[in-house]
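Enquirer: Structure file final08.txt (compact mmCIF, C-alpha atoms) is given on the next line.
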# COMPACT_ATOMS: atom_id res chain seq x y z
CA MET A 1 95.63 -96.11 29.16
CA THR A 2 95.63 -92.38 29.69
CA ASP A 3 93.43 -91.15 32.48
CA PRO A 4 91.31 -88.21 31.20
CA SER A 5 92.35 -86.19 34.22
CA THR A 6 95.99 -86.60 33.23
CA ALA A 7 97.65 -84.26 30.76
CA VAL A 8 101.03 -84.78 29.11
CA LEU A 9 102.87 -81.59 28.20
CA GLN A 10 105.89 -81.67 25.89
CA PRO A 11 107.94 -78.48 25.86
CA THR A 12 110.69 -78.46 23.25
CA GLY A 13 114.01 -76.66 22.85
CA ARG A 14 115.20 -74.21 25.47
CA LEU A 15 113.02 -73.80 28.52
CA ASN A 16 114.57 -70.46 29.46
CA MET A 17 113.43 -66.93 30.27
CA VAL A 18 111.99 -66.62 26.75
CA ALA A 19 109.86 -69.78 26.86
CA ALA A 20 109.14 -70.17 30.58
CA PRO A 21 106.24 -67.66 30.84
CA ALA A 22 104.28 -69.41 28.07
CA PHE A 23 104.94 -72.81 29.59
CA LYS A 24 103.81 -71.60 33.02
CA HIS A 25 100.64 -70.23 31.43
CA LEU A 26 100.00 -73.53 29.64
CA VAL A 27 100.22 -75.44 32.92
CA GLU A 28 97.82 -72.97 34.58
CA GLU A 29 95.33 -73.35 31.70
CA THR A 30 95.62 -77.14 31.85
CA VAL A 31 94.86 -77.15 35.58
CA ALA A 32 91.99 -74.68 35.06
CA SER A 33 90.50 -77.01 32.43
CA GLY A 34 90.23 -79.74 35.08
CA GLN A 35 93.44 -81.68 34.42
CA ALA A 36 95.38 -81.43 37.65
CA ARG A 37 97.61 -84.43 37.00
CA ILE A 38 100.32 -83.30 34.65
CA VAL A 39 103.27 -85.20 33.28
CA VAL A 40 105.91 -82.98 31.70
CA ASP A 41 107.82 -84.91 29.06
CA LEU A 42 111.22 -83.19 29.00
CA GLY A 43 112.74 -85.45 26.34
CA GLU A 44 112.85 -82.67 23.74
CA VAL A 45 114.11 -79.94 26.07
CA THR A 46 117.71 -79.04 25.21
CA PHE A 47 118.34 -76.59 28.04
CA ILE A 48 116.69 -75.32 31.18
CA ASP A 49 117.54 -72.27 33.27
CA SER A 50 116.28 -71.02 36.62
CA SER A 51 113.25 -69.42 34.90
CA GLY A 52 112.30 -72.82 33.52
CA LEU A 53 112.78 -74.36 36.96
CA GLY A 54 110.54 -71.64 38.38
CA ALA A 55 107.85 -72.53 35.84
CA LEU A 56 108.03 -76.21 36.87
CA ILE A 57 107.77 -75.27 40.56
CA SER A 58 104.86 -72.96 39.77
CA GLY A 59 103.16 -75.86 37.98
CA LEU A 60 103.87 -78.21 40.86
CA LYS A 61 102.14 -75.80 43.25
CA ALA A 62 99.19 -75.20 40.90
CA THR A 63 98.52 -78.90 40.38
CA ARG A 64 98.83 -79.75 44.07
CA GLN A 65 96.50 -76.93 45.04
CA ALA A 66 93.97 -78.49 42.67
CA GLY A 67 94.42 -81.91 44.27
CA GLY A 68 96.78 -83.26 41.61
CA ASP A 69 100.50 -83.37 41.00
CA LEU A 70 103.14 -82.53 38.42
CA ARG A 71 105.71 -85.13 37.44
CA ILE A 72 108.63 -85.01 35.05
CA ALA A 73 109.76 -87.72 32.65
CA ASP A 74 112.57 -88.49 30.20
CA VAL A 75 114.84 -85.88 31.76
CA PRO A 76 117.91 -84.92 29.69
CA GLU A 77 121.37 -84.61 31.22
CA GLN A 78 121.54 -80.80 31.46
CA VAL A 79 118.13 -80.63 33.11
CA MET A 80 119.03 -83.41 35.55
CA THR A 81 122.29 -81.66 36.44
CA VAL A 82 120.50 -78.38 37.11
CA LEU A 83 117.82 -80.13 39.19
CA ARG A 84 120.54 -81.73 41.34
CA LEU A 85 122.54 -78.52 41.75
CA THR A 86 119.45 -76.66 42.91
CA ASN A 87 118.29 -79.55 45.16
CA LEU A 88 115.02 -79.60 43.21
CA ASP A 89 115.50 -83.28 42.38
CA ARG A 90 114.03 -83.81 45.86
CA VAL A 91 110.68 -82.26 44.93
CA LEU A 92 110.67 -83.07 41.21
CA ARG A 93 111.61 -86.71 41.00
CA ALA A 94 112.63 -87.78 37.52
CA HIS A 95 110.65 -90.62 35.97
CA THR A 96 112.18 -92.63 33.15
CA THR A 97 109.20 -92.50 30.84
CA VAL A 98 105.82 -90.78 30.58
CA ALA A 99 104.15 -94.14 31.21
CA ASP A 100 106.21 -94.62 34.36
CA ALA A 101 105.30 -91.11 35.55
CA SER A 102 101.60 -91.68 34.80
CA ASP A 103 101.50 -94.77 36.97
CA ASP A 104 100.08 -94.90 40.45
CA TRP A 105 99.02 -91.31 41.14
CA MET B 1 143.28 -74.21 20.03
CA THR B 2 141.89 -70.93 21.25
CA GLY B 3 138.95 -68.94 20.03
CA GLU B 4 137.36 -65.62 20.84
CA TYR B 5 133.75 -64.66 20.34
CA VAL B 6 131.92 -61.39 20.79
CA LEU B 7 128.22 -60.60 20.83
CA GLU B 8 126.68 -57.17 21.26
CA GLY B 9 123.05 -56.43 21.85
CA LEU B 10 120.29 -55.43 24.21
CA ALA B 11 119.70 -57.11 27.54
CA VAL B 12 116.26 -58.49 26.67
CA PRO B 13 115.01 -62.09 26.94
CA GLU B 14 115.30 -62.72 23.19
CA SER B 15 119.03 -61.96 23.34
CA LEU B 16 119.52 -64.98 25.57
CA ASN B 17 118.88 -67.23 22.58
CA LEU B 18 121.67 -65.44 20.69
CA LEU B 19 124.01 -66.22 23.58
CA HIS B 20 122.94 -69.86 23.46
CA ASP B 21 123.62 -69.89 19.70
CA LEU B 22 127.05 -68.34 20.19
CA LEU B 23 128.03 -70.90 22.82
CA GLU B 24 126.80 -73.73 20.62
CA ARG B 25 128.91 -72.37 17.76
CA ALA B 26 131.94 -72.22 20.04
CA GLY B 27 131.31 -75.86 20.90
CA ARG B 28 131.09 -76.88 17.25
CA GLU B 29 134.30 -75.00 16.44
CA HIS B 30 136.13 -76.61 19.37
CA PRO B 31 135.41 -80.32 19.11
CA ASP B 32 138.08 -80.92 21.78
CA LEU B 33 135.95 -78.99 24.29
CA ASP B 34 134.30 -81.38 26.70
CA GLY B 35 130.51 -81.36 26.33
CA ALA B 36 129.95 -81.23 30.09
CA ASP B 37 132.25 -78.22 30.49
CA LEU B 38 130.43 -76.36 27.75
CA MET B 39 127.00 -77.32 29.10
CA LEU B 40 127.82 -76.13 32.62
CA PHE B 41 129.45 -72.94 31.35
CA GLU B 42 126.41 -72.24 29.18
CA THR B 43 124.22 -72.74 32.24
CA ALA B 44 126.22 -70.12 34.14
CA VAL B 45 126.33 -67.62 31.26
CA ILE B 46 122.57 -67.80 30.77
CA GLU B 47 121.93 -67.32 34.50
CA VAL B 48 124.24 -64.30 34.74
CA ALA B 49 122.79 -62.81 31.55
CA GLY B 50 119.27 -63.56 32.73
CA ASN B 51 120.05 -61.72 35.94
CA VAL B 52 121.05 -58.64 33.91
CA VAL B 53 117.88 -58.93 31.80
CA GLU B 54 115.73 -59.13 34.90
CA HIS B 55 117.44 -56.64 37.18
CA GLY B 56 119.28 -54.32 34.75
CA ARG B 57 117.97 -50.75 34.77
CA PRO B 58 116.58 -49.01 32.81
CA HIS B 59 114.60 -52.13 32.13
CA GLY B 60 114.77 -53.08 28.45
CA GLY B 61 117.22 -50.26 27.73
CA VAL B 62 120.46 -51.87 28.83
CA ALA B 63 123.03 -52.64 26.15
CA TRP B 64 125.56 -55.41 26.65
CA THR B 65 128.67 -56.92 25.16
CA PHE B 66 129.51 -60.55 25.74
CA ARG B 67 133.05 -61.80 25.18
CA LEU B 68 133.97 -65.46 25.32
CA ALA B 69 137.45 -66.95 25.18
CA VAL B 70 137.92 -70.67 24.68
CA LEU B 71 141.42 -71.29 26.06
CA PRO B 72 143.35 -74.56 26.31
CA ASP B 73 142.79 -74.83 30.06
CA ARG B 74 139.68 -72.77 30.69
CA LEU B 75 136.57 -71.00 29.45
CA GLU B 76 136.42 -67.30 30.24
CA ALA B 77 133.65 -64.83 29.57
CA THR B 78 132.84 -61.24 30.41
CA LEU B 79 129.42 -59.71 30.17
CA SER B 80 129.63 -55.91 30.24
CA ASP B 81 126.45 -53.88 30.42
CA SER B 82 125.47 -50.22 30.38
CA GLY B 83 122.95 -50.52 33.20
CA GLU B 84 122.88 -48.87 36.59
CA GLU B 85 125.16 -50.30 39.25
CA TYR B 86 124.00 -53.76 40.30
CA PRO B 87 122.33 -53.21 43.67
CA GLY B 88 122.82 -56.77 44.87
CA GLY B 89 126.38 -56.03 45.94
CA THR B 90 127.12 -59.56 46.96
CA TRP B 91 125.51 -62.85 46.18
CA GLY B 92 125.56 -66.12 47.96
CA THR B 93 125.93 -69.70 47.01
CA ALA B 94 122.83 -70.65 48.96
CA MET B 95 119.79 -71.95 47.17
CA PRO B 96 116.42 -70.81 48.54
CA ASP B 97 115.50 -72.63 51.77
CA ASP B 98 111.99 -73.20 50.50
CA PRO B 99 112.05 -75.63 47.55
CA MET B 100 108.68 -74.24 46.41
CA GLN B 101 110.12 -70.77 45.93
CA GLU B 102 110.05 -69.96 42.22
CA THR B 103 112.97 -67.52 42.04
CA GLY B 104 116.38 -66.90 43.59
CA ARG B 105 118.35 -69.79 42.09
CA GLY B 106 120.06 -68.04 39.17
CA LEU B 107 123.28 -66.69 40.68
CA PRO B 108 123.68 -69.56 43.19
CA LEU B 109 123.44 -71.92 40.21
CA ALA B 110 126.02 -69.92 38.25
CA THR B 111 128.32 -69.89 41.30
CA ALA B 112 127.97 -73.66 41.64
CA VAL B 113 129.20 -74.42 38.12
CA LEU B 114 131.95 -71.81 37.84
CA ASP B 115 135.43 -71.72 39.36
CA ASP B 116 135.06 -67.97 39.64
CA LEU B 117 132.24 -65.48 39.25
CA GLY B 118 133.14 -61.82 39.64
CA TYR B 119 131.38 -58.47 39.49
CA ARG B 120 132.91 -55.04 39.23
CA ARG B 121 131.68 -51.59 38.37
CA THR B 122 133.90 -49.35 36.25
CA GLY B 123 132.76 -45.94 35.03
CA GLU B 124 129.27 -46.36 33.62
CA SER B 125 129.45 -50.12 33.14
CA ASN B 126 128.91 -53.37 35.02
CA HIS B 127 131.24 -56.27 34.30
CA TRP B 128 130.45 -59.86 35.15
CA THR B 129 133.38 -62.22 34.74
CA MET B 130 132.96 -65.97 34.53
CA LEU B 131 135.64 -68.64 34.60
CA ARG B 132 135.46 -72.40 34.39
CA ARG B 133 138.57 -74.57 34.22
CA ARG B 134 138.31 -77.30 31.61
CA GLY B 135 138.08 -80.79 33.01
I'd like the structure from this file rewritten - as structure tokens, please.

Expert:
Amino acid sequence: MTDPSTAVLQPTGRLNMVAAPAFKHLVEETVASGQARIVVDLGEVTFIDSSGLGALISGLKATRQAGGDLRIADVPEQVMTVLRLTNLDRVLRAHTTVADASDDW
Amino acid sequence: MTGEYVLEGLAVPESLNLLHDLLERAGREHPDLDGADLMLFETAVIEVAGNVVEHGRPHGGVAWTFRLAVLPDRLEATLSDSGEEYPGGTWGTAMPDDPMQETGRGLPLATAVLDDLGYRRTGESNHWTMLRRRG
């Protein structure tokens, strides 16, 4: 059961300097529309760079400021590696599935 | 098996996708190349190139040439650009202290996945050299 205050976002392809600004904007719009609990399904993301990480951090801050949270699910290997190397796996814990991430807010 | 690849263009965000495409082609043409090596090298290349896109001056008017060599024991690349001298001078391996900081991870990330990252200025050009030994 999806809580109406929860949004699932599914970026695809490369979450790099080209795509990150639009993704950041989408998160901001989602929070502004009243959905401050966001699960980002990363299953279709083939590559992330530091711009993409910045967009996730920006989203994490925006959701928390609105009383919610941002969680990530189905994290591919390259994304997981980059999260570990930047120590961001400590603030963006990887959930196996969207359902797992949507549990127990 | 060795292979050399060259890409010329402008240091703008859209060019990053051409670099991705080039690296993916290199991977397809070198099936012996370990996927993890290529993935980590691609991560570094995109960070270094992204740094030039973001900080290169004049903004949007910097031309670059990317050269990649797939060698039996290593991956080597040079990104040469026509921009002003990179003002950073040095760069560290330290990630931002504050995990909620949105920027400042690019070059530390590149440093973490490369065996060597170099910068030099010759004449009117900047040269970023990247090396990763194949696992």

Enquirer: What separation in Å, quoted to one decimal, exists between CA of Ser51 (chain A) and CA of Asn16 (chain A)?

Expert: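 Computing it gives 5.7 Å between the two atoms.
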
Enquirer: Report, in Å with one decimal, the straight-line distance from CA of Glu47 (chain B) to CA of Leu109 (chain B).

Expert: 7.5 Å

Enquirer: The residues within 6 Å of (114.9, -79.1, 28.7), using all atoms listed in the file and the coordinates of the file, should be reported as a list of chain:residue names; which are they?

Expert: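 These residues have at least one counted atom within 6 Å: A:Arg14, A:Leu15, A:Leu42, A:Val45, A:Thr46, A:Phe47, A:Ile48, A:Val79.
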
Enquirer: Nearest residue to Thr103 (chain B) out of B:Gly50, B:Gly61, B:Gly35, B:Gly135, using all atoms listed in the file?

Expert: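 Counting all atoms listed in the file, the residue closest to Thr103 (chain B) is B:Gly50.
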
Enquirer: Got a sec to pull out which chain A residues are within 12 Å of chain B, counting only C-alpha atoms, and send them as a PDB file with C-alpha atoms, in the coordinates of the input?

Expert:
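Result file is selection_27.pdb:
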ATOM      1  CA  GLY A  13     114.010 -76.660  22.850  1.00  0.00           C
ATOM      2  CA  ARG A  14     115.200 -74.210  25.470  1.00  0.00           C
ATOM      3  CA  LEU A  15     113.020 -73.800  28.520  1.00  0.00           C
ATOM      4  CA  ASN A  16     114.570 -70.460  29.460  1.00  0.00           C
ATOM      5  CA  MET A  17     113.430 -66.930  30.270  1.00  0.00           C
ATOM      6  CA  VAL A  18     111.990 -66.620  26.750  1.00  0.00           C
ATOM      7  CA  ALA A  19     109.860 -69.780  26.860  1.00  0.00           C
ATOM      8  CA  ALA A  20     109.140 -70.170  30.580  1.00  0.00           C
ATOM      9  CA  PRO A  21     106.240 -67.660  30.840  1.00  0.00           C
ATOM     10  CA  LYS A  24     103.810 -71.600  33.020  1.00  0.00           C
ATOM     11  CA  THR A  46     117.710 -79.040  25.210  1.00  0.00           C
ATOM     12  CA  PHE A  47     118.340 -76.590  28.040  1.00  0.00           C
ATOM     13  CA  ILE A  48     116.690 -75.320  31.180  1.00  0.00           C
ATOM     14  CA  ASP A  49     117.540 -72.270  33.270  1.00  0.00           C
ATOM     15  CA  SER A  50     116.280 -71.020  36.620  1.00  0.00           C
ATOM     16  CA  SER A  51     113.250 -69.420  34.900  1.00  0.00           C
ATOM     17  CA  GLY A  52     112.300 -72.820  33.520  1.00  0.00           C
ATOM     18  CA  LEU A  53     112.780 -74.360  36.960  1.00  0.00           C
ATOM     19  CA  GLY A  54     110.540 -71.640  38.380  1.00  0.00           C
ATOM     20  CA  ALA A  55     107.850 -72.530  35.840  1.00  0.00           C
ATOM     21  CA  LEU A  56     108.030 -76.210  36.870  1.00  0.00           C
ATOM     22  CA  ILE A  57     107.770 -75.270  40.560  1.00  0.00           C
ATOM     23  CA  SER A  58     104.860 -72.960  39.770  1.00  0.00           C
ATOM     24  CA  GLY A  59     103.160 -75.860  37.980  1.00  0.00           C
ATOM     25  CA  LEU A  60     103.870 -78.210  40.860  1.00  0.00           C
ATOM     26  CA  LYS A  61     102.140 -75.800  43.250  1.00  0.00           C
ATOM     27  CA  ALA A  62      99.190 -75.200  40.900  1.00  0.00           C
ATOM     28  CA  ARG A  64      98.830 -79.750  44.070  1.00  0.00           C
ATOM     29  CA  PRO A  76     117.910 -84.920  29.690  1.00  0.00           C
ATOM     30  CA  GLU A  77     121.370 -84.610  31.220  1.00  0.00           C
ATOM     31  CA  GLN A  78     121.540 -80.800  31.460  1.00  0.00           C
ATOM     32  CA  VAL A  79     118.130 -80.630  33.110  1.00  0.00           C
ATOM     33  CA  MET A  80     119.030 -83.410  35.550  1.00  0.00           C
ATOM     34  CA  THR A  81     122.290 -81.660  36.440  1.00  0.00           C
ATOM     35  CA  VAL A  82     120.500 -78.380  37.110  1.00  0.00           C
ATOM     36  CA  LEU A  83     117.820 -80.130  39.190  1.00  0.00           C
ATOM     37  CA  ARG A  84     120.540 -81.730  41.340  1.00  0.00           C
ATOM     38  CA  LEU A  85     122.540 -78.520  41.750  1.00  0.00           C
ATOM     39  CA  THR A  86     119.450 -76.660  42.910  1.00  0.00           C
ATOM     40  CA  ASN A  87     118.290 -79.550  45.160  1.00  0.00           C
ATOM     41  CA  LEU A  88     115.020 -79.600  43.210  1.00  0.00           C
ATOM     42  CA  ASP A  89     115.500 -83.280  42.380  1.00  0.00           C
ATOM     43  CA  ARG A  90     114.030 -83.810  45.860  1.00  0.00           C
ATOM     44  CA  VAL A  91     110.680 -82.260  44.930  1.00  0.00           C
ATOM     45  CA  LEU A  92     110.670 -83.070  41.210  1.00  0.00           C
TER      46      LEU A  92
END

Enquirer: Restricting the calculation to all atoms listed in the file: of B:Arg74, B:Asp32, B:Val62, B:Tyr86, which residue gets closest to Leu131 (chain B)?

Expert: B:Arg74

Enquirer: Mind giving me the straight-line distance from CA of Gly67 (chain A) to CA of Ala101 (chain A) in Å, one decimal?

Expert: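 Going from CA of Gly67 (chain A) over to CA of Ala101 (chain A) covers 16.7 Å.
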
Enquirer: Using only C-alpha atoms, determine which residues lie at most 6 Å from region 75-84 of chain B, disregarding the query and same-chain residues fewer than 6 positions distant; provide the list as a ChimeraX atom specification.

Expert: /B:56-57,62-69,125-132

Enquirer: With only C-alpha atoms as the atoms that count, which of B:Arg134, B:Thr93, B:Phe41, B:Pro72 lies nearest to Leu114 (chain B)?

Expert: B:Phe41

Enquirer: Render region 8-30 of chain B from the structure in the preceding block as a file of N, CA and C atoms, as a PDB file, in the first residue's frame.

Expert:
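The resulting file, decode-v1.pdb, is reproduced below:
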ATOM      1  N   GLU B   8      37.203  15.236 -29.545  1.00  0.00           N
ATOM      2  CA  GLU B   8      37.387  16.684 -29.437  1.00  0.00           C
ATOM      3  C   GLU B   8      36.032  17.336 -29.295  1.00  0.00           C
ATOM      4  N   GLY B   9      36.011  18.438 -28.568  1.00  0.00           N
ATOM      5  CA  GLY B   9      34.725  19.122 -28.433  1.00  0.00           C
ATOM      6  C   GLY B   9      34.810  20.304 -27.496  1.00  0.00           C
ATOM      7  N   LEU B  10      33.640  20.746 -27.070  1.00  0.00           N
ATOM      8  CA  LEU B  10      33.556  21.874 -26.148  1.00  0.00           C
ATOM      9  C   LEU B  10      33.291  21.364 -24.739  1.00  0.00           C
ATOM     10  N   ALA B  11      33.875  22.038 -23.774  1.00  0.00           N
ATOM     11  CA  ALA B  11      33.684  21.635 -22.374  1.00  0.00           C
ATOM     12  C   ALA B  11      32.342  22.149 -21.862  1.00  0.00           C
ATOM     13  N   VAL B  12      31.283  21.468 -22.292  1.00  0.00           N
ATOM     14  CA  VAL B  12      29.918  21.797 -21.849  1.00  0.00           C
ATOM     15  C   VAL B  12      29.287  20.504 -21.342  1.00  0.00           C
ATOM     16  N   PRO B  13      28.247  20.610 -20.489  1.00  0.00           N
ATOM     17  CA  PRO B  13      27.690  19.389 -19.888  1.00  0.00           C
ATOM     18  C   PRO B  13      27.351  18.297 -20.904  1.00  0.00           C
ATOM     19  N   GLU B  14      26.775  18.690 -22.051  1.00  0.00           N
ATOM     20  CA  GLU B  14      26.346  17.691 -23.024  1.00  0.00           C
ATOM     21  C   GLU B  14      27.513  16.853 -23.542  1.00  0.00           C
ATOM     22  N   SER B  15      28.717  17.425 -23.531  1.00  0.00           N
ATOM     23  CA  SER B  15      29.889  16.679 -24.006  1.00  0.00           C
ATOM     24  C   SER B  15      30.243  15.527 -23.082  1.00  0.00           C
ATOM     25  N   LEU B  16      29.794  15.608 -21.838  1.00  0.00           N
ATOM     26  CA  LEU B  16      30.085  14.517 -20.906  1.00  0.00           C
ATOM     27  C   LEU B  16      29.472  13.209 -21.410  1.00  0.00           C
ATOM     28  N   ASN B  17      28.292  13.298 -22.022  1.00  0.00           N
ATOM     29  CA  ASN B  17      27.665  12.077 -22.519  1.00  0.00           C
ATOM     30  C   ASN B  17      28.461  11.472 -23.680  1.00  0.00           C
ATOM     31  N   LEU B  18      29.154  12.329 -24.447  1.00  0.00           N
ATOM     32  CA  LEU B  18      29.999  11.803 -25.524  1.00  0.00           C
ATOM     33  C   LEU B  18      31.200  11.069 -24.944  1.00  0.00           C
ATOM     34  N   LEU B  19      31.718  11.578 -23.821  1.00  0.00           N
ATOM     35  CA  LEU B  19      32.811  10.871 -23.141  1.00  0.00           C
ATOM     36  C   LEU B  19      32.341   9.516 -22.611  1.00  0.00           C
ATOM     37  N   HIS B  20      31.148   9.514 -22.009  1.00  0.00           N
ATOM     38  CA  HIS B  20      30.581   8.239 -21.554  1.00  0.00           C
ATOM     39  C   HIS B  20      30.497   7.256 -22.727  1.00  0.00           C
ATOM     40  N   ASP B  21      29.961   7.745 -23.860  1.00  0.00           N
ATOM     41  CA  ASP B  21      29.779   6.876 -25.029  1.00  0.00           C
ATOM     42  C   ASP B  21      31.119   6.327 -25.507  1.00  0.00           C
ATOM     43  N   LEU B  22      32.132   7.185 -25.497  1.00  0.00           N
ATOM     44  CA  LEU B  22      33.462   6.761 -25.958  1.00  0.00           C
ATOM     45  C   LEU B  22      34.021   5.668 -25.041  1.00  0.00           C
ATOM     46  N   LEU B  23      33.872   5.860 -23.746  1.00  0.00           N
ATOM     47  CA  LEU B  23      34.388   4.870 -22.797  1.00  0.00           C
ATOM     48  C   LEU B  23      33.621   3.547 -22.910  1.00  0.00           C
ATOM     49  N   GLU B  24      32.323   3.650 -23.157  1.00  0.00           N
ATOM     50  CA  GLU B  24      31.536   2.427 -23.337  1.00  0.00           C
ATOM     51  C   GLU B  24      31.973   1.690 -24.606  1.00  0.00           C
ATOM     52  N   ARG B  25      32.297   2.459 -25.645  1.00  0.00           N
ATOM     53  CA  ARG B  25      32.783   1.835 -26.888  1.00  0.00           C
ATOM     54  C   ARG B  25      34.114   1.134 -26.638  1.00  0.00           C
ATOM     55  N   ALA B  26      34.989   1.810 -25.897  1.00  0.00           N
ATOM     56  CA  ALA B  26      36.287   1.203 -25.574  1.00  0.00           C
ATOM     57  C   ALA B  26      36.083  -0.110 -24.826  1.00  0.00           C
ATOM     58  N   GLY B  27      35.093  -0.135 -23.945  1.00  0.00           N
ATOM     59  CA  GLY B  27      34.806  -1.355 -23.201  1.00  0.00           C
ATOM     60  C   GLY B  27      34.319  -2.475 -24.116  1.00  0.00           C
ATOM     61  N   ARG B  28      33.435  -2.108 -25.056  1.00  0.00           N
ATOM     62  CA  ARG B  28      32.922  -3.117 -25.990  1.00  0.00           C
ATOM     63  C   ARG B  28      34.040  -3.670 -26.879  1.00  0.00           C
ATOM     64  N   GLU B  29      34.977  -2.796 -27.252  1.00  0.00           N
ATOM     65  CA  GLU B  29      36.051  -3.213 -28.160  1.00  0.00           C
ATOM     66  C   GLU B  29      37.201  -3.899 -27.424  1.00  0.00           C
ATOM     67  N   HIS B  30      37.140  -3.911 -26.096  1.00  0.00           N
ATOM     68  CA  HIS B  30      38.148  -4.605 -25.294  1.00  0.00           C
ATOM     69  C   HIS B  30      37.450  -5.507 -24.282  1.00  0.00           C
TER      70      HIS B  30
END
